[in-house]
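Following: one structure in structure tokens, then a few remarks.
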Amino acid sequence: MNDIFKRIPILYSLLLGFTLTIISLVIFPNMILPSLESLQKIYPSLLMPHKNYLYIGAISIFWLITNLLYIEYFEKNQRFKQIFDHQLKEIVSIGCLMTIFWIVSWLNHSLLLSLIFIAVATNYLLKGIRIISQNSQLRQNSWLIKFPSGFFVGWLIFETVVTLFAYMKSVGITFSGMLWVIVAIMTVLLLALFSSYYYAKYGNGMMMIAIILGVFGLAIQHHNKQFPYANNMIFICTLAIGVMMVALFIYLTHLNNQQNQKSKTDIEK
């Protein structure tokens, strides 16, 4: 696939543009296609964040694809472009395709397929996060590829969990009883631990920020008494987890900055 996009760059650009168009159509209201928001209302679950979290996803994909198009047509650093084409373009292309398939599956109420596609997209883009962290050229300008990709992947990770619980709802699980409340809280805690681990190991804090926003979006949803699965215990626990994630993010950022300063000092010596 990477060779195809190398030989015919316009196909890569069209793929990026088509991904952005599809996501815009299904996230923003009053469009021709039914929105993801309206579809999520059909399959409510204990882990459905506030609807505004979908708009955060639209912002994240717009940010990422705008930067990818800039890299394709305007980036002057040829070394950076060569590394990107060789190591990341295929991953980005497959991630975009899987994201489109995820949305199309949602629109057709094929939630199992939707879950598979978003899991594949997330897995590929997580690989991209690891590649970026290991290459100094790719992370030289953090705002160009490192941060937007991290933010989008963080959003996808949270939406993967949302899709999983929506699928469980579609097969008849009612999420009633204390056991499911504990499962929901433990899932959020695992998301917090996973995003913290990735930040500590690969240095991309934007992924953690996207998940923090999802956790707070979940707390807001459970504070809404009109939400059919509103639960005070989940509200309190997710709010507490969100606050702890913010504190941990600040601490990890401080450690990361210290490490970067130490590296610069060692290079100067």
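Lettering and numbering for the structure tokens are positional, with chains as A, B, ... in the shown order, residues counted from 1 in each chain, and ligands counted from 1 in the shown order.
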
Set the distance at 12 Å and use only C-alpha atoms: which residues neighbour region 116-125 of chain A once local chain neighbours fewer than 3 positions away are removed? I'd like the list as a VMD selection string. chain A and resid 64 87 to 106 110 to 113 128 to 132 145 to 146 148 to 164 167 207

Would you mind writing down, as a PyMOL selection string, each residue of region 22-248 of chain A that DSSP on the backbone assigns to helix (DSSP H, G or I)? chain A and resi 22-27+36-42+52-73+78-87+89-107+111-134+142-170+178-202+205-223+232-248

Compare A:Leu213, A:Lys169, A:His109, A:Leu255 by their minimum atom-to-atom distance to Val243 (chain A), counting only C-alpha atoms, and give me the closest one.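 For Val243 (chain A), the nearest of the candidates is A:Leu213.
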
Env of Thr238 (chain A): 9 Å cut, atoms = only C-alpha atoms, seq-sep filter 2 positions within chain, self excluded. Answer as a ChimeraX atom specification. /A:185,188-189,215-216,218-219,233-236,240-243

Contacts of Tyr197 (chain A) at 12 Å or less, counting only C-alpha atoms, minus same-chain residues fewer than 3 places along, as a ChimeraX atom specification? /A:190-194,200-205,207-208,245,248-249,252
